[in-house]
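One file, run.cif, carrying mmCIF, C-alpha atoms and all ligand atoms:
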data_data
#
loop_
_atom_site.label_atom_id
_atom_site.label_comp_id
_atom_site.auth_asym_id
_atom_site.auth_seq_id
_atom_site.Cartn_x
_atom_site.Cartn_y
_atom_site.Cartn_z
CA MET A 1 -46.25 -68.30 103.22
CA LYS A 2 -49.56 -66.49 102.64
CA ALA A 3 -49.62 -64.84 99.18
CA SER A 4 -49.95 -61.08 99.36
CA PHE A 5 -51.60 -58.42 97.23
CA VAL A 6 -50.06 -54.95 97.32
CA TYR A 7 -52.10 -51.84 96.49
CA LYS A 8 -50.21 -48.66 95.55
CA ALA A 9 -52.54 -45.79 94.66
CA ASP A 10 -54.98 -43.37 96.31
CA PRO A 11 -54.93 -44.43 100.03
CA ALA A 12 -58.58 -43.51 100.72
CA ARG A 13 -59.85 -45.84 98.02
CA GLY A 14 -57.18 -48.33 99.08
CA ARG A 15 -58.87 -48.65 102.47
CA GLU A 16 -62.09 -49.58 100.65
CA TRP A 17 -60.15 -52.21 98.67
CA LYS A 18 -58.79 -53.55 101.98
CA ARG A 19 -62.28 -53.95 103.44
CA LEU A 20 -63.53 -55.69 100.27
CA PHE A 21 -60.53 -58.02 100.18
CA ALA A 22 -61.11 -58.95 103.84
CA GLU A 23 -64.68 -59.96 102.95
CA ARG A 24 -64.06 -61.65 99.63
CA ALA A 25 -60.49 -62.92 99.65
CA PRO A 26 -59.37 -63.56 103.24
CA HIS A 27 -56.82 -66.08 101.90
CA LEU A 28 -54.81 -63.12 100.52
CA ASP A 29 -52.73 -60.79 102.69
CA PHE A 30 -53.87 -57.37 101.42
CA ARG A 31 -51.30 -54.62 101.94
CA LEU A 32 -51.37 -50.88 101.42
CA TRP A 33 -48.19 -49.32 100.08
CA PRO A 34 -45.62 -48.71 101.60
CA ASP A 35 -46.41 -51.46 104.15
CA ILE A 36 -45.54 -54.28 101.75
CA GLY A 37 -44.49 -56.95 104.26
CA ASN A 38 -42.24 -59.69 102.90
CA PRO A 39 -41.50 -58.83 99.24
CA GLU A 40 -41.10 -62.52 98.44
CA ALA A 41 -44.75 -63.13 99.38
CA VAL A 42 -46.02 -60.52 96.93
CA ARG A 43 -47.82 -62.23 94.04
CA TYR A 44 -50.07 -59.42 92.90
CA LEU A 45 -49.62 -55.67 92.55
CA ALA A 46 -52.28 -53.06 91.77
CA MET A 47 -51.06 -49.56 91.19
CA TRP A 48 -51.30 -46.26 89.41
CA GLU A 49 -47.58 -45.48 89.29
CA PRO A 50 -45.17 -48.41 89.45
CA PRO A 51 -42.19 -48.31 91.83
CA ASP A 52 -38.66 -48.47 90.42
CA ASP A 53 -36.99 -51.87 90.21
CA LEU A 54 -40.33 -53.67 90.31
CA ALA A 55 -38.94 -56.98 89.06
CA GLU A 56 -36.01 -57.08 91.51
CA ARG A 57 -38.10 -55.91 94.44
CA PHE A 58 -40.83 -58.56 93.95
CA PRO A 59 -39.19 -61.76 92.68
CA ASN A 60 -42.37 -63.88 92.85
CA LEU A 61 -44.75 -61.52 91.11
CA GLU A 62 -47.51 -63.18 89.05
CA LEU A 63 -49.81 -60.35 87.93
CA VAL A 64 -49.62 -56.56 87.72
CA PHE A 65 -52.87 -54.58 87.62
CA SER A 66 -53.20 -50.98 86.52
CA ILE A 67 -55.64 -49.12 88.79
CA GLY A 68 -56.73 -47.19 85.71
CA ALA A 69 -57.85 -48.01 82.19
CA GLY A 70 -54.65 -46.48 80.82
CA ILE A 71 -51.27 -48.15 81.19
CA ASP A 72 -49.01 -45.50 79.62
CA GLN A 73 -47.53 -44.72 83.06
CA PHE A 74 -45.83 -48.15 82.98
CA ASP A 75 -42.49 -48.88 81.39
CA LEU A 76 -43.45 -52.21 79.82
CA ASN A 77 -39.79 -53.27 79.76
CA SER A 78 -39.64 -53.06 83.56
CA ILE A 79 -42.29 -55.78 83.94
CA PRO A 80 -40.91 -59.28 83.33
CA ALA A 81 -42.25 -60.79 80.08
CA HIS A 82 -43.91 -63.70 81.91
CA VAL A 83 -45.91 -61.33 84.19
CA PRO A 84 -49.14 -60.14 82.53
CA LEU A 85 -50.09 -56.46 82.91
CA LEU A 86 -53.84 -55.94 83.15
CA ARG A 87 -55.64 -52.65 82.60
CA MET A 88 -58.74 -51.75 84.55
CA GLN A 89 -62.04 -52.88 83.12
CA GLU A 90 -64.87 -52.42 85.60
CA PRO A 91 -68.35 -50.96 85.15
CA GLY A 92 -67.79 -47.87 87.32
CA ILE A 93 -64.98 -46.51 85.17
CA ALA A 94 -67.23 -46.62 82.09
CA VAL A 95 -70.28 -45.16 83.86
CA THR A 96 -68.33 -42.21 85.26
CA MET A 97 -66.75 -41.57 81.84
CA GLN A 98 -70.21 -41.60 80.26
CA GLU A 99 -71.34 -38.98 82.78
CA TYR A 100 -68.36 -36.71 82.19
CA VAL A 101 -68.47 -36.84 78.40
CA ALA A 102 -72.24 -36.29 78.38
CA MET A 103 -71.68 -33.25 80.60
CA ALA A 104 -68.91 -31.92 78.33
CA VAL A 105 -70.78 -32.48 75.07
CA LEU A 106 -73.97 -30.92 76.44
CA ALA A 107 -71.97 -27.95 77.78
CA LEU A 108 -70.42 -27.39 74.36
CA HIS A 109 -73.62 -28.02 72.43
CA ARG A 110 -75.70 -25.72 74.68
CA ASN A 111 -73.10 -22.88 74.69
CA LEU A 112 -72.28 -23.09 78.40
CA ILE A 113 -68.82 -21.58 77.82
CA ASP A 114 -70.45 -18.55 76.14
CA TYR A 115 -72.89 -18.12 78.99
CA ILE A 116 -70.18 -18.39 81.67
CA GLY A 117 -68.34 -15.57 79.85
CA GLN A 118 -71.52 -13.53 79.48
CA GLN A 119 -72.49 -13.91 83.15
CA ARG A 120 -69.08 -12.61 84.24
CA VAL A 121 -69.77 -9.33 82.43
CA ALA A 122 -73.55 -9.24 83.11
CA VAL A 123 -74.55 -9.77 79.49
CA TRP A 124 -78.00 -11.20 78.65
CA ASN A 125 -77.77 -12.62 75.15
CA ALA A 126 -79.67 -15.71 74.01
CA LEU A 127 -77.87 -17.83 71.43
CA ARG A 128 -79.64 -20.00 68.86
CA VAL A 129 -80.68 -23.39 70.25
CA ARG A 130 -80.48 -26.43 67.98
CA PRO A 131 -81.46 -30.01 68.84
CA ALA A 132 -78.80 -32.65 69.54
CA SER A 133 -79.80 -34.38 66.32
CA GLN A 134 -78.03 -31.56 64.44
CA CYS A 135 -74.72 -32.00 66.26
CA CYS A 136 -72.54 -34.88 65.11
CA VAL A 137 -70.09 -36.21 67.69
CA GLY A 138 -66.91 -38.05 66.69
CA ILE A 139 -65.15 -40.37 69.12
CA LEU A 140 -61.48 -41.24 68.67
CA GLY A 141 -61.17 -44.71 70.21
CA LEU A 142 -64.02 -47.20 70.40
CA GLY A 143 -62.78 -49.44 73.20
CA GLN A 144 -64.53 -50.07 76.53
CA LEU A 145 -64.86 -46.32 77.18
CA GLY A 146 -65.39 -44.99 73.65
CA ALA A 147 -68.13 -47.55 73.03
CA ALA A 148 -69.83 -46.75 76.37
CA VAL A 149 -69.71 -43.03 75.61
CA ALA A 150 -71.16 -43.56 72.13
CA GLU A 151 -74.04 -45.48 73.65
CA ARG A 152 -74.81 -42.70 76.15
CA LEU A 153 -74.54 -39.88 73.57
CA THR A 154 -76.70 -41.76 71.08
CA GLY A 155 -79.27 -42.04 73.86
CA LEU A 156 -79.16 -38.25 74.25
CA GLY A 157 -79.93 -37.86 70.55
CA PHE A 158 -76.45 -36.99 69.20
CA PRO A 159 -75.55 -38.72 65.93
CA CYS A 160 -72.27 -40.52 66.72
CA ARG A 161 -69.36 -41.70 64.66
CA GLY A 162 -66.27 -43.43 65.95
CA TRP A 163 -62.74 -44.24 64.85
CA SER A 164 -60.57 -47.17 65.90
CA ARG A 165 -57.50 -49.07 64.73
CA THR A 166 -59.44 -52.15 63.69
CA ARG A 167 -63.03 -52.00 62.50
CA ARG A 168 -65.73 -52.00 65.18
CA HIS A 169 -69.44 -52.60 64.68
CA LEU A 170 -71.57 -50.66 67.15
CA GLU A 171 -75.30 -50.28 66.80
CA GLY A 172 -76.29 -46.75 65.84
CA VAL A 173 -72.68 -45.58 65.43
CA GLU A 174 -71.00 -44.89 62.09
CA CYS A 175 -67.69 -46.68 62.46
CA PHE A 176 -64.41 -45.79 60.75
CA ALA A 177 -61.07 -47.57 60.99
CA GLY A 178 -57.41 -46.87 60.42
CA ASP A 179 -55.46 -43.89 59.14
CA GLY A 180 -57.06 -44.19 55.68
CA GLU A 181 -60.51 -43.31 57.07
CA LEU A 182 -59.47 -40.64 59.57
CA THR A 183 -60.07 -37.66 57.28
CA THR A 184 -63.60 -38.81 56.38
CA PHE A 185 -64.33 -39.46 60.04
CA LEU A 186 -63.13 -36.01 61.07
CA SER A 187 -64.89 -34.11 58.29
CA GLN A 188 -68.32 -34.33 59.99
CA SER A 189 -67.27 -34.40 63.65
CA GLN A 190 -68.59 -31.18 65.15
CA VAL A 191 -67.58 -32.25 68.65
CA LEU A 192 -64.47 -34.44 68.78
CA ILE A 193 -63.79 -36.64 71.80
CA CYS A 194 -60.42 -38.26 72.38
CA LEU A 195 -60.63 -41.61 74.14
CA LEU A 196 -57.50 -43.18 72.72
CA PRO A 197 -54.77 -44.87 74.73
CA LEU A 198 -51.42 -43.07 74.67
CA THR A 199 -49.04 -44.98 72.40
CA ASP A 200 -46.27 -44.09 69.96
CA GLN A 201 -48.97 -43.97 67.25
CA THR A 202 -51.37 -41.66 69.11
CA ARG A 203 -48.98 -39.24 70.87
CA GLY A 204 -49.58 -35.72 69.49
CA ILE A 205 -52.52 -36.84 67.35
CA LEU A 206 -54.57 -33.76 68.39
CA ASP A 207 -52.51 -31.31 66.35
CA ALA A 208 -52.97 -28.53 63.79
CA LYS A 209 -53.20 -31.04 60.92
CA LEU A 210 -56.04 -32.87 62.60
CA PHE A 211 -57.87 -29.70 63.68
CA ALA A 212 -57.78 -28.44 60.07
CA ARG A 213 -59.74 -31.54 58.98
CA LEU A 214 -62.62 -30.85 61.40
CA PRO A 215 -65.59 -28.68 60.38
CA HIS A 216 -64.88 -24.96 60.99
CA GLY A 217 -65.93 -24.07 64.56
CA ALA A 218 -65.80 -27.65 65.87
CA SER A 219 -65.00 -28.27 69.54
CA LEU A 220 -62.78 -30.72 71.39
CA VAL A 221 -63.09 -32.88 74.49
CA ASN A 222 -59.79 -34.48 75.55
CA VAL A 223 -60.29 -37.23 78.11
CA GLY A 224 -57.51 -39.45 76.76
CA ARG A 225 -54.08 -38.32 77.92
CA GLY A 226 -52.34 -34.94 77.98
CA PRO A 227 -49.65 -35.88 75.43
CA HIS A 228 -52.34 -36.64 72.82
CA LEU A 229 -52.74 -32.87 72.52
CA VAL A 230 -50.32 -30.34 71.05
CA ALA A 231 -51.41 -27.47 73.30
CA GLN A 232 -49.88 -24.73 71.13
CA ASP A 233 -51.84 -26.03 68.12
CA LEU A 234 -55.05 -26.00 70.14
CA LEU A 235 -54.45 -22.41 71.23
CA ALA A 236 -53.78 -21.40 67.61
CA ALA A 237 -56.92 -23.19 66.40
CA LEU A 238 -59.02 -21.49 69.10
CA ASP A 239 -57.58 -18.09 68.22
CA SER A 240 -58.25 -18.56 64.49
CA GLY A 241 -61.81 -19.82 65.10
CA GLN A 242 -61.11 -23.21 63.46
CA LEU A 243 -62.03 -24.59 66.88
CA SER A 244 -64.65 -22.83 68.97
CA ALA A 245 -64.03 -24.37 72.42
CA ALA A 246 -62.39 -27.20 74.33
CA VAL A 247 -63.09 -29.22 77.46
CA LEU A 248 -59.84 -30.67 78.78
CA ASP A 249 -59.46 -33.19 81.57
CA VAL A 250 -55.89 -34.34 80.95
CA PHE A 251 -52.66 -32.34 80.57
CA ASP A 252 -48.96 -32.66 80.01
CA PRO A 253 -47.68 -32.19 82.67
CA GLU A 254 -50.39 -32.52 85.32
CA PRO A 255 -51.06 -29.98 86.64
CA PRO A 256 -50.00 -27.59 83.86
CA PRO A 257 -47.59 -24.85 84.99
CA ALA A 258 -49.28 -21.87 86.68
CA ASP A 259 -48.47 -19.58 83.74
CA HIS A 260 -49.85 -21.91 81.06
CA PRO A 261 -52.23 -19.99 78.76
CA LEU A 262 -54.84 -22.75 78.94
CA TRP A 263 -55.66 -21.84 82.57
CA HIS A 264 -57.18 -18.50 81.60
CA HIS A 265 -58.33 -19.12 78.04
CA PRO A 266 -61.97 -17.97 77.76
CA ARG A 267 -62.87 -20.84 75.41
CA VAL A 268 -61.45 -23.64 77.56
CA LEU A 269 -62.99 -25.56 80.46
CA MET A 270 -60.48 -27.51 82.55
CA THR A 271 -60.90 -30.30 85.10
CA PRO A 272 -58.10 -32.05 87.08
CA HIS A 273 -58.06 -35.53 85.49
CA VAL A 274 -61.35 -36.64 87.00
CA ALA A 275 -63.37 -37.65 83.93
CA SER A 276 -63.72 -41.13 85.26
CA MET A 277 -62.55 -42.90 88.35
CA THR A 278 -62.14 -46.59 89.10
CA GLN A 279 -64.72 -47.67 91.68
CA PRO A 280 -63.39 -50.05 94.39
CA GLU A 281 -66.41 -52.39 94.32
CA GLY A 282 -66.14 -53.21 90.60
CA ALA A 283 -62.35 -53.08 90.59
CA VAL A 284 -61.97 -55.64 93.38
CA ALA A 285 -64.47 -57.95 91.65
CA MET A 286 -62.52 -57.69 88.37
CA VAL A 287 -59.15 -58.20 90.03
CA LEU A 288 -60.27 -61.22 92.09
CA ASP A 289 -61.93 -62.80 89.06
CA ASN A 290 -58.70 -62.43 87.11
CA ILE A 291 -56.68 -63.96 89.95
CA VAL A 292 -58.96 -67.00 89.88
CA ARG A 293 -58.74 -67.21 86.09
CA HIS A 294 -54.97 -66.93 86.23
CA GLY A 295 -54.82 -69.76 88.78
CA GLU A 296 -56.98 -71.96 86.54
CA GLY A 297 -55.05 -71.07 83.38
CA ARG A 298 -58.11 -69.37 81.85
CA GLU A 299 -58.21 -66.22 79.73
CA MET A 300 -58.15 -62.99 81.79
CA ALA A 301 -59.90 -59.67 81.16
CA GLY A 302 -57.92 -56.55 80.21
CA VAL A 303 -54.57 -58.15 79.39
CA VAL A 304 -52.32 -55.56 77.77
CA ASP A 305 -50.91 -56.46 74.39
CA ARG A 306 -47.29 -55.36 74.72
CA GLN A 307 -46.81 -55.18 70.96
CA ARG A 308 -49.79 -52.82 70.47
CA GLY A 309 -48.89 -50.88 73.61
CA TYR A 310 -52.42 -50.87 75.06
P1 LIG B 401 -59.38 -49.60 75.10
O1 LIG B 401 -60.56 -50.42 75.51
O2 LIG B 401 -58.06 -50.26 74.97
O3 LIG B 401 -59.77 -48.88 73.72
C1 LIG B 401 -58.84 -48.15 72.99
C2 LIG B 401 -59.46 -47.78 71.66
O4 LIG B 401 -58.54 -46.95 70.95
C3 LIG B 401 -59.73 -49.00 70.76
O5 LIG B 401 -60.92 -48.83 70.03
C4 LIG B 401 -58.52 -49.00 69.84
O6 LIG B 401 -58.72 -49.60 68.57
C5 LIG B 401 -58.31 -47.52 69.65
N1 LIG B 401 -56.95 -47.24 69.20
C6 LIG B 401 -55.77 -47.52 69.81
N2 LIG B 401 -54.73 -47.14 69.04
C7 LIG B 401 -55.26 -46.62 67.92
C8 LIG B 401 -54.71 -46.07 66.74
N3 LIG B 401 -53.37 -45.99 66.54
N4 LIG B 401 -55.55 -45.65 65.77
C9 LIG B 401 -56.90 -45.75 65.94
N5 LIG B 401 -57.49 -46.26 67.03
C10 LIG B 401 -56.67 -46.69 68.02
O7 LIG B 401 -59.18 -48.38 76.10
P2 LIG B 401 -60.26 -47.73 77.09
O8 LIG B 401 -60.40 -48.56 78.29
O9 LIG B 401 -61.47 -47.39 76.29
O10 LIG B 401 -59.49 -46.40 77.53
C11 LIG B 401 -59.03 -45.45 76.58
C12 LIG B 401 -58.17 -44.42 77.24
O11 LIG B 401 -58.96 -43.50 77.99
C13 LIG B 401 -57.17 -44.93 78.26
O12 LIG B 401 -56.04 -45.51 77.67
C14 LIG B 401 -56.81 -43.66 79.00
O13 LIG B 401 -55.76 -43.00 78.34
C15 LIG B 401 -58.09 -42.83 78.88
N6 LIG B 401 -58.77 -42.69 80.18
C16 LIG B 401 -58.88 -41.46 80.72
C17 LIG B 401 -59.55 -41.28 81.92
C18 LIG B 401 -59.74 -39.93 82.52
O14 LIG B 401 -60.21 -39.85 83.66
N7 LIG B 401 -59.45 -38.88 81.82
C19 LIG B 401 -60.10 -42.39 82.57
C20 LIG B 401 -59.96 -43.64 81.99
C21 LIG B 401 -59.29 -43.78 80.79
P3 LIG B 401 -59.11 -51.18 68.46
O15 LIG B 401 -60.56 -51.23 68.89
O16 LIG B 401 -58.92 -51.50 67.04
O17 LIG B 401 -58.19 -51.89 69.41
C1 LIG B 402 -57.49 -42.74 84.29
O1 LIG B 402 -56.99 -41.85 83.70
C2 LIG B 402 -57.46 -44.09 83.84
O2 LIG B 402 -56.65 -44.43 82.98
O3 LIG B 402 -58.27 -44.89 84.35
#
Produce structure tokens that represent the structure in this file.
Ligand code: NAP
Ligand code: GLV
Amino acid sequence: MKASFVYKADPARGREWKRLFAERAPHLDFRLWPDIGNPEAVRYLAMWEPPDDLAERFPNLELVFSIGAGIDQFDLNSIPAHVPLLRMQEPGIAVTMQEYVAMAVLALHRNLIDYIGQQRVAVWNALRVRPASQCCVGILGLGQLGAAVAERLTGLGFPCRGWSRTRRHLEGVECFAGDGELTTFLSQSQVLICLLPLTDQTRGILDAKLFARLPHGASLVNVGRGPHLVAQDLLAALDSGQLSAAVLDVFDPEPPPADHPLWHHPRVLMTPHVASMTQPEGAVAMVLDNIVRHGEGREMAGVVDRQRGY
């Protein structure tokens, strides 16, 4: 029985995966959900949202791949303990995140939100321009994406600091670690970027208590997950002036309800969860490399630590 690989995510990109698999892994039967073929032949699954009863449905599963960097959409208990879950690590996801965060930080730093508001009411009012070197950016999360973003922003001239669970050492970035150093990290972060995974420890981290520890008038970029943010606390911080603006890519729920105040807030820019996107070329290379490594009993890239939850 030929082993099969089932893809369950955006169908348009799935067709690109199918073409790449045909070229690079003809020994695997690549299948696009819901055309799964014989469930007993399914060894590998790649998906954004897992189906119910995953373990019962696919009794011979060997590896589960998340199509994205985040894995919070998975119920870890529904994946058998002997089946590794791998999160996406491919160059395209980091490059597109670098682009988005650079765009957001530059928009905030160069007052784009003010000018959008001014244009709507035909106001011509030049605001003071300061160089990037006077705007310190703080990055929550220094993993594959946080580190890539720090590198890009440093290149644009923004002094960068970052915060992680364990201590990281990144050239040109002031690194902080653990809850004990969070307040010091926040105290100089004029633009705060959230690139944390969603876990029990990080849910709701972007709240009133955290905003109060930022410099007055700081701004926020949330590209982590919607439930990192307490939306009511953000609205209160924007109204009081403690925060001056926010760029939000992720929401809880997605999309937010039509009457949610964020939609029309003059100090908020919203995008529909597009900060970065897994690119088929790099993703297929990463997935196939991991399948080979798994077969040879070698270490794989992106294995989720179930204890840590990311
Ligand atoms: P990653 O490589 O696993 O990095 C996660 C970082 O967060 C690590 O530095 C980790 O610390 C830190 N961290 C985790 N829990 C923490 C805690 N309790 N306190 C302090 N630091 C903590 O993840 P990634 O690939 O960079 O992705 C990060 C997240 O970005 C994803 O989980 C997803 O939610 C989000 N994302 C969003 C989009 C989008 O389009 N909006 C796209 C891709 C990803 P250690 O270094 O000590 O482990
Ligand atoms: C997208 O949000 C991802 O996790 O890759």
For the contact check between chain A and ligand LIG 402 (chain B), emit one row per residue of chain A within 8 Å, containing the shortest atom pair and the distance in Å rounded to one decimal, counting all atoms listed in the file, chain then rising number order, as CSV.
residue,atom,partner,partner_atom,distance
A:Ile67,CA,B:LIG402,O3,6.7
A:Gly68,CA,B:LIG402,O3,3.1
A:Ala69,CA,B:LIG402,O3,3.8
A:Gly70,CA,B:LIG402,O2,3.6
A:Ile71,CA,B:LIG402,O2,6.8
A:Met88,CA,B:LIG402,O3,6.9
A:Ile93,CA,B:LIG402,O3,7.0
A:Val223,CA,B:LIG402,O1,8.0
A:Gly224,CA,B:LIG402,O1,7.4
A:Arg225,CA,B:LIG402,O1,7.4
A:His273,CA,B:LIG402,O1,6.7
A:Val274,CA,B:LIG402,O1,7.6
A:Ala275,CA,B:LIG402,O1,7.6
A:Ser276,CA,B:LIG402,C1,6.5
A:Met277,CA,B:LIG402,O3,6.2
A:Thr278,CA,B:LIG402,O3,6.4
Using all atoms listed in the file, collect all residues at a distance of at most 10 Å from (-55.4, -61.7, 79.0) as written in the file, then present them as a PDB file with C-alpha atoms, keeping the file's coordinate frame.
ATOM      1  CA  PRO A  84     -49.140 -60.140  82.530  1.00  0.00           C
ATOM      2  CA  LEU A  85     -50.090 -56.460  82.910  1.00  0.00           C
ATOM      3  CA  LEU A  86     -53.840 -55.940  83.150  1.00  0.00           C
ATOM      4  CA  ARG A  87     -55.640 -52.650  82.600  1.00  0.00           C
ATOM      5  CA  ASN A 290     -58.700 -62.430  87.110  1.00  0.00           C
ATOM      6  CA  ARG A 293     -58.740 -67.210  86.090  1.00  0.00           C
ATOM      7  CA  HIS A 294     -54.970 -66.930  86.230  1.00  0.00           C
ATOM      8  CA  ARG A 298     -58.110 -69.370  81.850  1.00  0.00           C
ATOM      9  CA  GLU A 299     -58.210 -66.220  79.730  1.00  0.00           C
ATOM     10  CA  MET A 300     -58.150 -62.990  81.790  1.00  0.00           C
ATOM     11  CA  ALA A 301     -59.900 -59.670  81.160  1.00  0.00           C
ATOM     12  CA  GLY A 302     -57.920 -56.550  80.210  1.00  0.00           C
ATOM     13  CA  VAL A 303     -54.570 -58.150  79.390  1.00  0.00           C
ATOM     14  CA  VAL A 304     -52.320 -55.560  77.770  1.00  0.00           C
ATOM     15  CA  ASP A 305     -50.910 -56.460  74.390  1.00  0.00           C
TER      16      ASP A 305
END
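For the choices A:Glu296, A:Glu151, A:Asp259, A:Asp249, the atom-to-atom distance to ligand LIG 401 (chain B) is smallest for A:Asp249 when using all atoms listed in the file.
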Residue nearest Gly295 of chain A - candidates A:Ala246, A:Leu63, A:His216, A:Val105, atoms counted: all atoms listed in the file: A:Leu63
Point-to-point distance in Å for atom CA of Thr271 of chain A and atom O14 of ligand LIG 401 (chain B): 9.7 Å
d(atom CA of Gln98 of chain A, atom O15 of ligand LIG 401 (chain B)) in Å: 17.8 Å
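Atom pair atom CA of Ile205 of chain A / atom CA of Phe176 of chain A: separated by 16.3 Å.
Omitting Lys2 of chain A and its sequence neighbours fewer than 2 positions away, and counting only C-alpha atoms, the residues within 7 Å are A:Ser4, A:Leu28, A:Asp29, A:Ala41.
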For ligand LIG 401 (chain B), take all atoms listed in the file, fit an axis-aligned box around them, add 6 Å to each of the six sides, then output centre and edge lengths in Å rounded to one decimal, as AutoDock Vina command-line options.
--center_x -57.4 --center_y -45.4 --center_z 74.7 --size_x 20.1 --size_y 25.0 --size_z 29.9
Selected residue, from A:Asp35, A:Asp239, A:Asp200, A:Glu99, that lies nearest to ligand LIG 401 (chain B) when counting only C-alpha atoms and all ligand atoms: A:Asp200
Mind listing as a PDB file with C-alpha atoms, keeping the file's coordinate frame all residues within 7 Å of (-63.0, -51.7, 62.7), counting only C-alpha atoms?
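For reference, selection.pdb as written:
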ATOM      1  CA  SER A 164     -60.570 -47.170  65.900  1.00  0.00           C
ATOM      2  CA  ARG A 165     -57.500 -49.070  64.730  1.00  0.00           C
ATOM      3  CA  THR A 166     -59.440 -52.150  63.690  1.00  0.00           C
ATOM      4  CA  ARG A 167     -63.030 -52.000  62.500  1.00  0.00           C
ATOM      5  CA  ARG A 168     -65.730 -52.000  65.180  1.00  0.00           C
ATOM      6  CA  HIS A 169     -69.440 -52.600  64.680  1.00  0.00           C
ATOM      7  CA  CYS A 175     -67.690 -46.680  62.460  1.00  0.00           C
ATOM      8  CA  PHE A 176     -64.410 -45.790  60.750  1.00  0.00           C
ATOM      9  CA  ALA A 177     -61.070 -47.570  60.990  1.00  0.00           C
TER      10      ALA A 177
END
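Shortest separation to Ala132 of chain A among A:Met1, A:Ala147, A:Leu186, A:Val191 occurs at residue A:Val191, atoms counted being all atoms listed in the file.
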Pick from A:Leu288, A:Met97, A:Cys136, A:Leu170, whichever lies nearest to ligand LIG 401 (chain B) using only C-alpha atoms and all ligand atoms: A:Met97
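With all atoms listed in the file as the atoms that count, the residue of A:Gly282, A:Gly157, A:Gly309, A:Gly217 with the shortest distance to Trp17 of chain A is A:Gly282.
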